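Listing of upload-v1.pdb, PDB, C-alpha atoms, pLDDT in the B column
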```pdb
ATOM      1  CA  MET A   1      -5.540 -20.881  69.543  1.00 93.00           C
ATOM      2  CA  PHE A   2      -6.837 -20.917  73.100  1.00 95.00           C
ATOM      3  CA  ILE A   3      -8.207 -18.093  75.280  1.00 96.00           C
ATOM      4  CA  ALA A   4      -8.046 -18.382  79.071  1.00 96.00           C
ATOM      5  CA  MET A   5     -10.238 -16.020  81.084  1.00 95.00           C
ATOM      6  CA  ASN A   6     -10.627 -15.692  84.821  1.00 94.00           C
ATOM      7  CA  ARG A   7     -13.633 -13.638  85.940  1.00 95.00           C
ATOM      8  CA  PHE A   8     -13.453 -11.588  89.146  1.00 95.00           C
ATOM      9  CA  LYS A   9     -16.387  -9.959  90.902  1.00 95.00           C
ATOM     10  CA  VAL A  10     -15.033  -6.991  92.842  1.00 96.00           C
ATOM     11  CA  LEU A  11     -16.946  -5.460  95.754  1.00 95.00           C
ATOM     12  CA  PRO A  12     -18.314  -1.912  95.299  1.00 95.00           C
ATOM     13  CA  GLY A  13     -15.675   0.639  96.252  1.00 94.00           C
ATOM     14  CA  GLN A  14     -12.788  -1.849  95.863  1.00 94.00           C
ATOM     15  CA  GLU A  15     -12.215  -1.259  92.142  1.00 95.00           C
ATOM     16  CA  ALA A  16      -9.160   0.968  92.646  1.00 94.00           C
ATOM     17  CA  ALA A  17      -7.603  -1.524  95.091  1.00 92.00           C
ATOM     18  CA  PHE A  18      -8.147  -4.371  92.633  1.00 93.00           C
ATOM     19  CA  GLU A  19      -6.611  -2.444  89.735  1.00 94.00           C
ATOM     20  CA  GLU A  20      -3.647  -1.362  91.855  1.00 92.00           C
ATOM     21  CA  ILE A  21      -2.874  -4.984  92.819  1.00 90.00           C
ATOM     22  CA  TRP A  22      -3.022  -6.192  89.228  1.00 89.00           C
ATOM     23  CA  LEU A  23      -1.299  -3.291  87.530  1.00 90.00           C
ATOM     24  CA  SER A  24       1.623  -3.305  89.979  1.00 89.00           C
ATOM     25  CA  ARG A  25       2.473  -7.008  89.816  1.00 86.00           C
ATOM     26  CA  ASP A  26       4.945  -8.730  87.466  1.00 86.00           C
ATOM     27  CA  THR A  27       3.075 -11.120  85.162  1.00 87.00           C
ATOM     28  CA  HIS A  28       6.195 -13.251  84.437  1.00 88.00           C
ATOM     29  CA  LEU A  29       4.633 -14.015  81.044  1.00 92.00           C
ATOM     30  CA  LYS A  30       7.311 -12.738  78.657  1.00 89.00           C
ATOM     31  CA  GLY A  31       9.088 -15.674  77.021  1.00 90.00           C
ATOM     32  CA  VAL A  32       6.659 -18.344  78.253  1.00 94.00           C
ATOM     33  CA  PRO A  33       6.355 -20.950  75.425  1.00 95.00           C
ATOM     34  CA  GLY A  34       3.094 -20.628  73.498  1.00 96.00           C
ATOM     35  CA  PHE A  35       2.118 -17.330  75.158  1.00 96.00           C
ATOM     36  CA  GLN A  36       0.700 -14.704  72.768  1.00 95.00           C
ATOM     37  CA  SER A  37      -0.869 -11.916  74.809  1.00 94.00           C
ATOM     38  CA  PHE A  38      -2.395 -10.955  78.152  1.00 94.00           C
ATOM     39  CA  HIS A  39      -5.027  -8.300  78.797  1.00 94.00           C
ATOM     40  CA  LEU A  40      -6.697  -7.203  81.996  1.00 94.00           C
ATOM     41  CA  LEU A  41     -10.300  -6.252  81.262  1.00 95.00           C
ATOM     42  CA  ARG A  42     -12.796  -4.033  83.061  1.00 95.00           C
ATOM     43  CA  GLY A  43     -16.349  -5.241  82.423  1.00 95.00           C
ATOM     44  CA  PRO A  44     -19.858  -4.153  83.372  1.00 94.00           C
ATOM     45  CA  LYS A  45     -20.758  -2.992  86.874  1.00 94.00           C
ATOM     46  CA  THR A  46     -23.913  -3.994  88.787  1.00 94.00           C
ATOM     47  CA  ASP A  47     -25.278  -2.936  92.190  1.00 94.00           C
ATOM     48  CA  ASP A  48     -23.292  -5.585  94.070  1.00 94.00           C
ATOM     49  CA  HIS A  49     -20.068  -5.949  92.061  1.00 95.00           C
ATOM     50  CA  ALA A  50     -17.857  -4.786  89.210  1.00 96.00           C
ATOM     51  CA  LEU A  51     -16.850  -7.515  86.762  1.00 96.00           C
ATOM     52  CA  TYR A  52     -13.193  -7.765  85.766  1.00 96.00           C
ATOM     53  CA  SER A  53     -11.534 -10.504  83.755  1.00 95.00           C
ATOM     54  CA  SER A  54      -8.019 -11.565  82.958  1.00 94.00           C
ATOM     55  CA  HIS A  55      -7.704 -12.588  79.305  1.00 94.00           C
ATOM     56  CA  SER A  56      -4.733 -14.454  77.891  1.00 94.00           C
ATOM     57  CA  VAL A  57      -4.233 -15.870  74.400  1.00 95.00           C
ATOM     58  CA  TRP A  58      -2.164 -19.015  73.831  1.00 96.00           C
ATOM     59  CA  ASP A  59      -1.089 -21.140  70.881  1.00 96.00           C
ATOM     60  CA  SER A  60      -3.016 -24.075  72.369  1.00 95.00           C
ATOM     61  CA  ARG A  61      -4.730 -25.364  75.501  1.00 95.00           C
ATOM     62  CA  ALA A  62      -1.637 -27.542  76.052  1.00 96.00           C
ATOM     63  CA  ALA A  63       0.642 -24.467  76.127  1.00 96.00           C
ATOM     64  CA  PHE A  64      -1.653 -22.818  78.695  1.00 96.00           C
ATOM     65  CA  GLU A  65      -1.765 -25.930  80.882  1.00 96.00           C
ATOM     66  CA  ALA A  66       2.025 -26.300  80.761  1.00 96.00           C
ATOM     67  CA  TRP A  67       2.330 -22.703  82.015  1.00 95.00           C
ATOM     68  CA  THR A  68      -0.001 -23.401  84.964  1.00 94.00           C
ATOM     69  CA  LYS A  69       2.479 -26.058  86.122  1.00 95.00           C
ATOM     70  CA  SER A  70       5.556 -23.838  85.667  1.00 93.00           C
ATOM     71  CA  GLU A  71       7.759 -21.813  87.998  1.00 91.00           C
ATOM     72  CA  ALA A  72       6.717 -18.654  86.101  1.00 87.00           C
ATOM     73  CA  PHE A  73       3.090 -19.338  87.077  1.00 90.00           C
ATOM     74  CA  ARG A  74       4.024 -19.888  90.710  1.00 90.00           C
ATOM     75  CA  LEU A  75       5.946 -16.595  90.781  1.00 86.00           C
ATOM     76  CA  ALA A  76       3.083 -14.675  89.177  1.00 84.00           C
ATOM     77  CA  HIS A  77       0.567 -15.985  91.720  1.00 84.00           C
ATOM     78  CA  ARG A  78       2.562 -16.071  94.940  1.00 82.00           C
ATOM     79  CA  ASP A  79       0.906 -12.907  96.287  1.00 73.00           C
ATOM     80  CA  ALA A  80      -2.613 -13.856  95.240  1.00 72.00           C
ATOM     81  CA  GLY A  81      -4.980 -14.129  98.165  1.00 66.00           C
ATOM     82  CA  SER A  82      -2.963 -11.920 100.499  1.00 61.00           C
ATOM     83  CA  ALA A  83      -5.063  -8.838  99.860  1.00 63.00           C
ATOM     84  CA  LYS A  84      -7.825  -7.569 102.117  1.00 69.00           C
ATOM     85  CA  PRO A  85     -11.342  -8.673 101.136  1.00 86.00           C
ATOM     86  CA  ILE A  86     -12.103  -7.078  97.803  1.00 91.00           C
ATOM     87  CA  TYR A  87     -13.920  -9.935  96.054  1.00 91.00           C
ATOM     88  CA  ALA A  88     -17.553 -11.041  95.998  1.00 90.00           C
ATOM     89  CA  GLY A  89     -16.960 -14.791  95.804  1.00 89.00           C
ATOM     90  CA  HIS A  90     -14.274 -16.861  94.131  1.00 90.00           C
ATOM     91  CA  PRO A  91     -12.875 -16.173  90.679  1.00 90.00           C
ATOM     92  CA  ASN A  92     -14.467 -18.190  87.892  1.00 93.00           C
ATOM     93  CA  PHE A  93     -12.105 -19.681  85.299  1.00 94.00           C
ATOM     94  CA  GLU A  94     -13.262 -20.397  81.748  1.00 94.00           C
ATOM     95  CA  GLY A  95     -11.085 -21.758  78.934  1.00 95.00           C
ATOM     96  CA  PHE A  96     -12.164 -21.264  75.311  1.00 95.00           C
ATOM     97  CA  GLU A  97     -11.091 -22.975  72.090  1.00 94.00           C
ATOM     98  CA  VAL A  98     -11.173 -20.695  69.038  1.00 94.00           C
ATOM     99  CA  ILE A  99     -13.373 -22.282  66.352  1.00 92.00           C
ATOM    100  CA  GLN A 100     -13.600 -19.366  63.893  1.00 92.00           C
ATOM    101  CA  ALA A 101     -11.407 -16.319  63.231  1.00 92.00           C
ATOM    102  CA  VAL A 102     -12.074 -13.186  61.141  1.00 91.00           C
ATOM    103  CA  THR A 103      -9.535 -10.377  60.964  1.00 89.00           C
ATOM    104  CA  ALA A 104      -9.868  -6.822  59.680  1.00 85.00           C
TER     105      ALA A 104
ATOM    106  CA  MET B 105      -9.024  -1.190  72.875  1.00 93.00           C
ATOM    107  CA  PHE B 106     -12.436  -2.722  73.589  1.00 95.00           C
ATOM    108  CA  ILE B 107     -13.559  -6.371  73.677  1.00 96.00           C
ATOM    109  CA  ALA B 108     -17.206  -7.250  73.065  1.00 96.00           C
ATOM    110  CA  MET B 109     -18.349 -10.722  74.086  1.00 95.00           C
ATOM    111  CA  ASN B 110     -21.759 -12.320  73.794  1.00 94.00           C
ATOM    112  CA  ARG B 111     -22.194 -15.520  75.809  1.00 95.00           C
ATOM    113  CA  PHE B 112     -24.506 -18.282  74.520  1.00 95.00           C
ATOM    114  CA  LYS B 113     -25.679 -21.277  76.503  1.00 95.00           C
ATOM    115  CA  VAL B 114     -26.424 -24.049  74.013  1.00 96.00           C
ATOM    116  CA  LEU B 115     -28.697 -26.966  74.907  1.00 95.00           C
ATOM    117  CA  PRO B 116     -27.100 -30.434  75.134  1.00 95.00           C
ATOM    118  CA  GLY B 117     -27.029 -32.099  71.715  1.00 94.00           C
ATOM    119  CA  GLN B 118     -27.417 -28.776  69.843  1.00 94.00           C
ATOM    120  CA  GLU B 119     -23.709 -27.921  69.674  1.00 95.00           C
ATOM    121  CA  ALA B 120     -23.307 -29.009  66.034  1.00 94.00           C
ATOM    122  CA  ALA B 121     -26.409 -27.024  65.012  1.00 92.00           C
ATOM    123  CA  PHE B 122     -25.104 -23.922  66.769  1.00 93.00           C
ATOM    124  CA  GLU B 123     -21.674 -24.189  65.156  1.00 94.00           C
ATOM    125  CA  GLU B 124     -23.204 -24.798  61.716  1.00 92.00           C
ATOM    126  CA  ILE B 125     -25.323 -21.627  61.984  1.00 90.00           C
ATOM    127  CA  TRP B 126     -22.373 -19.480  63.042  1.00 90.00           C
ATOM    128  CA  LEU B 127     -19.728 -20.927  60.754  1.00 90.00           C
ATOM    129  CA  SER B 128     -21.931 -20.687  57.667  1.00 89.00           C
ATOM    130  CA  ARG B 129     -23.013 -17.058  58.053  1.00 86.00           C
ATOM    131  CA  ASP B 130     -21.353 -13.937  56.626  1.00 86.00           C
ATOM    132  CA  THR B 131     -20.074 -11.748  59.468  1.00 87.00           C
ATOM    133  CA  HIS B 132     -20.018  -8.555  57.323  1.00 89.00           C
ATOM    134  CA  LEU B 133     -17.149  -7.365  59.527  1.00 92.00           C
ATOM    135  CA  LYS B 134     -14.389  -6.833  56.959  1.00 89.00           C
ATOM    136  CA  GLY B 135     -13.797  -3.125  56.440  1.00 91.00           C
ATOM    137  CA  VAL B 136     -15.936  -1.956  59.380  1.00 94.00           C
ATOM    138  CA  PRO B 137     -14.206   1.126  60.890  1.00 96.00           C
ATOM    139  CA  GLY B 138     -12.382   0.313  64.126  1.00 96.00           C
ATOM    140  CA  PHE B 139     -12.838  -3.462  63.773  1.00 96.00           C
ATOM    141  CA  GLN B 140      -9.740  -5.526  64.635  1.00 95.00           C
ATOM    142  CA  SER B 141     -10.741  -9.176  64.935  1.00 94.00           C
ATOM    143  CA  PHE B 142     -13.597 -11.584  65.565  1.00 94.00           C
ATOM    144  CA  HIS B 143     -13.385 -15.044  67.113  1.00 94.00           C
ATOM    145  CA  LEU B 144     -16.058 -17.589  67.860  1.00 94.00           C
ATOM    146  CA  LEU B 145     -15.165 -19.455  71.049  1.00 95.00           C
ATOM    147  CA  ARG B 146     -16.186 -22.837  72.436  1.00 95.00           C
ATOM    148  CA  GLY B 147     -16.109 -22.791  76.239  1.00 95.00           C
ATOM    149  CA  PRO B 148     -16.741 -25.261  79.047  1.00 94.00           C
ATOM    150  CA  LYS B 149     -19.654 -27.699  79.015  1.00 94.00           C
ATOM    151  CA  THR B 150     -21.884 -28.495  82.001  1.00 94.00           C
ATOM    152  CA  ASP B 151     -24.751 -30.966  82.460  1.00 94.00           C
ATOM    153  CA  ASP B 152     -27.357 -28.532  81.151  1.00 94.00           C
ATOM    154  CA  HIS B 153     -25.511 -26.465  78.541  1.00 95.00           C
ATOM    155  CA  ALA B 154     -22.363 -25.823  76.516  1.00 96.00           C
ATOM    156  CA  LEU B 155     -20.981 -22.310  76.785  1.00 96.00           C
ATOM    157  CA  TYR B 156     -20.019 -20.511  73.587  1.00 96.00           C
ATOM    158  CA  SER B 157     -19.005 -16.891  73.183  1.00 95.00           C
ATOM    159  CA  SER B 158     -18.509 -14.490  70.339  1.00 94.00           C
ATOM    160  CA  HIS B 159     -15.418 -12.347  70.895  1.00 94.00           C
ATOM    161  CA  SER B 160     -14.636  -9.220  68.899  1.00 94.00           C
ATOM    162  CA  VAL B 161     -11.843  -6.704  69.397  1.00 95.00           C
ATOM    163  CA  TRP B 162     -12.321  -3.027  68.507  1.00 96.00           C
ATOM    164  CA  ASP B 163     -10.249   0.124  68.589  1.00 96.00           C
ATOM    165  CA  SER B 164     -12.711   1.596  71.109  1.00 95.00           C
ATOM    166  CA  ARG B 165     -16.152   1.190  72.647  1.00 95.00           C
ATOM    167  CA  ALA B 166     -17.313   4.007  70.353  1.00 96.00           C
ATOM    168  CA  ALA B 167     -16.251   2.036  67.246  1.00 96.00           C
ATOM    169  CA  PHE B 168     -18.161  -1.010  68.514  1.00 96.00           C
ATOM    170  CA  GLU B 169     -21.289   1.015  69.261  1.00 96.00           C
ATOM    171  CA  ALA B 170     -21.186   2.704  65.846  1.00 96.00           C
ATOM    172  CA  TRP B 171     -21.111  -0.768  64.255  1.00 95.00           C
ATOM    173  CA  THR B 172     -24.202  -1.881  66.218  1.00 94.00           C
ATOM    174  CA  LYS B 173     -26.102   0.969  64.542  1.00 95.00           C
ATOM    175  CA  SER B 174     -24.831   0.208  61.033  1.00 93.00           C
ATOM    176  CA  GLU B 175     -26.267  -1.552  57.988  1.00 91.00           C
ATOM    177  CA  ALA B 176     -23.427  -4.118  58.267  1.00 87.00           C
ATOM    178  CA  PHE B 177     -24.693  -5.063  61.742  1.00 90.00           C
ATOM    179  CA  ARG B 178     -28.272  -5.390  60.495  1.00 90.00           C
ATOM    180  CA  LEU B 179     -27.133  -7.663  57.651  1.00 87.00           C
ATOM    181  CA  ALA B 180     -25.048  -9.853  59.975  1.00 84.00           C
ATOM    182  CA  HIS B 181     -27.978 -10.356  62.360  1.00 84.00           C
ATOM    183  CA  ARG B 182     -30.983 -10.573  60.040  1.00 82.00           C
ATOM    184  CA  ASP B 183     -31.221 -14.370  60.405  1.00 73.00           C
ATOM    185  CA  ALA B 184     -30.677 -14.410  64.170  1.00 72.00           C
ATOM    186  CA  GLY B 185     -33.609 -15.906  66.036  1.00 66.00           C
ATOM    187  CA  SER B 186     -34.949 -17.880  63.084  1.00 61.00           C
ATOM    188  CA  ALA B 187     -33.349 -21.142  64.197  1.00 63.00           C
ATOM    189  CA  LYS B 188     -35.089 -23.932  66.047  1.00 69.00           C
ATOM    190  CA  PRO B 189     -34.680 -23.877  69.844  1.00 86.00           C
ATOM    191  CA  ILE B 190     -31.031 -24.506  70.554  1.00 91.00           C
ATOM    192  CA  TYR B 191     -30.442 -22.058  73.420  1.00 91.00           C
ATOM    193  CA  ALA B 192     -30.876 -22.325  77.187  1.00 90.00           C
ATOM    194  CA  GLY B 193     -31.944 -18.731  77.847  1.00 89.00           C
ATOM    195  CA  HIS B 194     -31.023 -15.451  76.204  1.00 90.00           C
ATOM    196  CA  PRO B 195     -27.499 -14.491  75.187  1.00 90.00           C
ATOM    197  CA  ASN B 196     -25.621 -12.391  77.726  1.00 93.00           C
ATOM    198  CA  PHE B 197     -23.636  -9.452  76.366  1.00 94.00           C
ATOM    199  CA  GLU B 198     -20.574  -8.090  78.198  1.00 94.00           C
ATOM    200  CA  GLY B 199     -18.341  -5.261  77.002  1.00 95.00           C
ATOM    201  CA  PHE B 200     -14.795  -4.944  78.381  1.00 95.00           C
ATOM    202  CA  GLU B 201     -12.321  -2.060  78.387  1.00 94.00           C
ATOM    203  CA  VAL B 202      -8.686  -3.137  78.200  1.00 94.00           C
ATOM    204  CA  ILE B 203      -6.794  -1.658  81.157  1.00 92.00           C
ATOM    205  CA  GLN B 204      -3.482  -3.552  80.823  1.00 92.00           C
ATOM    206  CA  ALA B 205      -1.756  -5.299  77.905  1.00 92.00           C
ATOM    207  CA  VAL B 206       1.283  -7.629  77.865  1.00 91.00           C
ATOM    208  CA  THR B 207       2.476  -9.207  74.617  1.00 89.00           C
ATOM    209  CA  ALA B 208       4.913 -12.057  73.982  1.00 85.00           C
TER     210      ALA B 208
END
```
What does this structure look like when you write it as structure tokens?
Amino acid sequence: MFIAMNRFKVLPGQEAAFEEIWLSRDTHLKGVPGFQSFHLLRGPKTDDHALYSSHSVWDSRAAFEAWTKSEAFRLAHRDAGSAKPIYAGHPNFEGFEVIQAVTA
Amino acid sequence: MFIAMNRFKVLPGQEAAFEEIWLSRDTHLKGVPGFQSFHLLRGPKTDDHALYSSHSVWDSRAAFEAWTKSEAFRLAHRDAGSAKPIYAGHPNFEGFEVIQAVTA
């Protein structure tokens, strides 16, 4: 199991614009091999930004990497970067391997 | 749905010690109200640290916060801090509210 997260620092006052962009797009994730789930997360807020993160769960790192080279990925990201300035810096990608799991 | 993550920067060469501490402890999470799942994650490595993160999913922020005040939480954390120096700095907690979900 592999978790891919991309962290976004959003400028103060741009939170609604950020959420509108994300919530209105098509993720093109349904049916992608090895895809388990996607969540958009709202994190803590500081004086100079609000932290958001995308969060997707995959069967393996290989399944995630195959998706990043796919047509579905290109479609999902074709409008990225066309928005007015709402970010404080570039997004920061982090991939995580699951090494322990406990369920309820 | 609420995701609680605690990020740990582990000193180079201390990765095995960190994993041993975490994988050998009792999480005391089974049966906690509102608890859904826990995962220990191994993230990217840089020259001066390896990033790890705990990752737990809860029904709500309120369920997570109730757990942090419980006896189960105290039991799960009673040995924290007793290890030899394996960390580069303090852990960094971030709580996330789920604002969009897509499943396979």
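Going from atom CA of B:Glu198 to atom CA of A:Asp47 covers 15.6 Å.
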Might you pull out every residue within 9 Å of A:Gly89, with only C-alpha atoms counted and same-chain residues fewer than 5 positions away left off, and present them as a list in words?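 The contact residues come out as Phe8, Lys9 and Val10 of chain A.
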Please evaluate the ChimeraX specification (/B :<7) & /A against the displayed coordinates and give the resulting residues as a list in words. Lys30, Gly31, Phe35, Gln36, Ser37, Phe38, His39, Leu40, Leu41, Arg42, Gly43, Pro44, Glu94, Gly95, Phe96, Glu97, Val98, Ile99, Gln100, Ala101, Val102, Thr103 and Ala104 of chain A
Students should find that atom CA of B:Asp130 and atom CA of B:Lys173 are spaced 17.5 Å
- Query: What gap, in Å, lies between atom CA of B:Arg165 and atom CA of B:Asn196?
  - Reply: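 Going from atom CA of B:Arg165 over to atom CA of B:Asn196 covers 17.3 Å.
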For A:Gly13, the closest of A:Glu71, A:Pro91, A:His49, A:Arg25 counting only C-alpha atoms is A:His49
* Counting all atoms listed in the file, the option among B:Lys149, B:Trp171, B:Ile190, B:Asp183 closest to B:Ala121 ->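 Ranking B:Lys149, B:Trp171, B:Ile190, B:Asp183 by distance to B:Ala121, first place goes to B:Ile190.
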Since the input is missing atoms, can you rebuild N, CA and C atoms for stretch 56-90 of chain A and write them as a CSV table (one decimal), in the coordinates of the input?
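The file below, selection26.csv, is the result:
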```
chain,number,residue,atom,x,y,z
A,56,SER,N,-6.0,-14.1,78.5
A,56,SER,CA,-4.7,-14.5,77.9
A,56,SER,C,-4.9,-15.4,76.7
A,57,VAL,N,-4.1,-15.1,75.7
A,57,VAL,CA,-4.2,-15.9,74.4
A,57,VAL,C,-3.0,-16.7,74.3
A,58,TRP,N,-3.2,-18.0,73.9
A,58,TRP,CA,-2.2,-19.0,73.8
A,58,TRP,C,-2.2,-19.7,72.5
A,59,ASP,N,-1.1,-20.3,72.1
A,59,ASP,CA,-1.1,-21.1,70.9
A,59,ASP,C,-2.1,-22.3,71.0
A,60,SER,N,-2.2,-22.9,72.2
A,60,SER,CA,-3.0,-24.1,72.4
A,60,SER,C,-3.4,-24.2,73.8
A,61,ARG,N,-4.4,-25.1,74.1
A,61,ARG,CA,-4.7,-25.4,75.5
A,61,ARG,C,-3.5,-26.0,76.2
A,62,ALA,N,-2.8,-26.8,75.5
A,62,ALA,CA,-1.6,-27.5,76.1
A,62,ALA,C,-0.6,-26.5,76.5
A,63,ALA,N,-0.3,-25.5,75.7
A,63,ALA,CA,0.6,-24.5,76.1
A,63,ALA,C,0.2,-23.8,77.4
A,64,PHE,N,-1.1,-23.4,77.5
A,64,PHE,CA,-1.7,-22.8,78.7
A,64,PHE,C,-1.5,-23.7,79.9
A,65,GLU,N,-1.8,-25.0,79.7
A,65,GLU,CA,-1.8,-25.9,80.9
A,65,GLU,C,-0.3,-26.2,81.3
A,66,ALA,N,0.6,-26.2,80.4
A,66,ALA,CA,2.0,-26.3,80.8
A,66,ALA,C,2.5,-25.1,81.6
A,67,TRP,N,2.0,-23.9,81.2
A,67,TRP,CA,2.3,-22.7,82.0
A,67,TRP,C,1.8,-22.8,83.4
A,68,THR,N,0.6,-23.3,83.6
A,68,THR,CA,0.0,-23.4,85.0
A,68,THR,C,0.8,-24.3,85.9
A,69,LYS,N,1.7,-25.2,85.3
A,69,LYS,CA,2.5,-26.1,86.1
A,69,LYS,C,3.9,-25.6,86.2
A,70,SER,N,4.2,-24.3,85.7
A,70,SER,CA,5.6,-23.8,85.7
A,70,SER,C,5.9,-23.0,86.9
A,71,GLU,N,7.2,-22.7,87.0
A,71,GLU,CA,7.8,-21.8,88.0
A,71,GLU,C,7.3,-20.4,87.7
A,72,ALA,N,7.2,-20.0,86.4
A,72,ALA,CA,6.7,-18.7,86.1
A,72,ALA,C,5.3,-18.4,86.6
A,73,PHE,N,4.5,-19.4,86.6
A,73,PHE,CA,3.1,-19.3,87.1
A,73,PHE,C,3.1,-19.2,88.6
A,74,ARG,N,4.0,-20.0,89.3
A,74,ARG,CA,4.0,-19.9,90.7
A,74,ARG,C,4.5,-18.5,91.1
A,75,LEU,N,5.5,-17.9,90.5
A,75,LEU,CA,5.9,-16.6,90.8
A,75,LEU,C,4.9,-15.5,90.6
A,76,ALA,N,4.1,-15.7,89.5
A,76,ALA,CA,3.1,-14.7,89.2
A,76,ALA,C,1.9,-14.7,90.2
A,77,HIS,N,1.7,-15.8,90.8
A,77,HIS,CA,0.6,-16.0,91.7
A,77,HIS,C,0.9,-16.1,93.2
A,78,ARG,N,2.2,-15.8,93.5
A,78,ARG,CA,2.6,-16.1,94.9
A,78,ARG,C,1.9,-15.1,95.9
A,79,ASP,N,1.5,-13.9,95.4
A,79,ASP,CA,0.9,-12.9,96.3
A,79,ASP,C,-0.6,-12.9,96.2
A,80,ALA,N,-1.2,-13.8,95.4
A,80,ALA,CA,-2.6,-13.9,95.2
A,80,ALA,C,-3.2,-14.3,96.6
A,81,GLY,N,-4.3,-13.7,97.0
A,81,GLY,CA,-5.0,-14.1,98.2
A,81,GLY,C,-4.5,-13.4,99.4
A,82,SER,N,-3.5,-12.6,99.3
A,82,SER,CA,-3.0,-11.9,100.5
A,82,SER,C,-3.6,-10.6,100.7
A,83,ALA,N,-4.4,-10.2,99.8
A,83,ALA,CA,-5.1,-8.8,99.9
A,83,ALA,C,-6.2,-8.8,100.9
A,84,LYS,N,-6.6,-7.7,101.3
A,84,LYS,CA,-7.8,-7.6,102.1
A,84,LYS,C,-9.0,-7.9,101.3
A,85,PRO,N,-10.2,-8.2,101.9
A,85,PRO,CA,-11.3,-8.7,101.1
A,85,PRO,C,-11.8,-7.6,100.1
A,86,ILE,N,-11.6,-8.0,98.9
A,86,ILE,CA,-12.1,-7.1,97.8
A,86,ILE,C,-13.0,-7.8,96.8
A,87,TYR,N,-13.2,-9.1,97.0
A,87,TYR,CA,-13.9,-9.9,96.1
A,87,TYR,C,-15.3,-10.4,96.6
A,88,ALA,N,-16.3,-10.4,95.7
A,88,ALA,CA,-17.6,-11.0,96.0
A,88,ALA,C,-17.5,-12.5,95.4
A,89,GLY,N,-17.0,-13.4,96.3
A,89,GLY,CA,-17.0,-14.8,95.8
A,89,GLY,C,-15.6,-15.1,95.1
A,90,HIS,N,-15.5,-16.4,94.7
A,90,HIS,CA,-14.3,-16.9,94.1
A,90,HIS,C,-14.2,-16.5,92.7
```
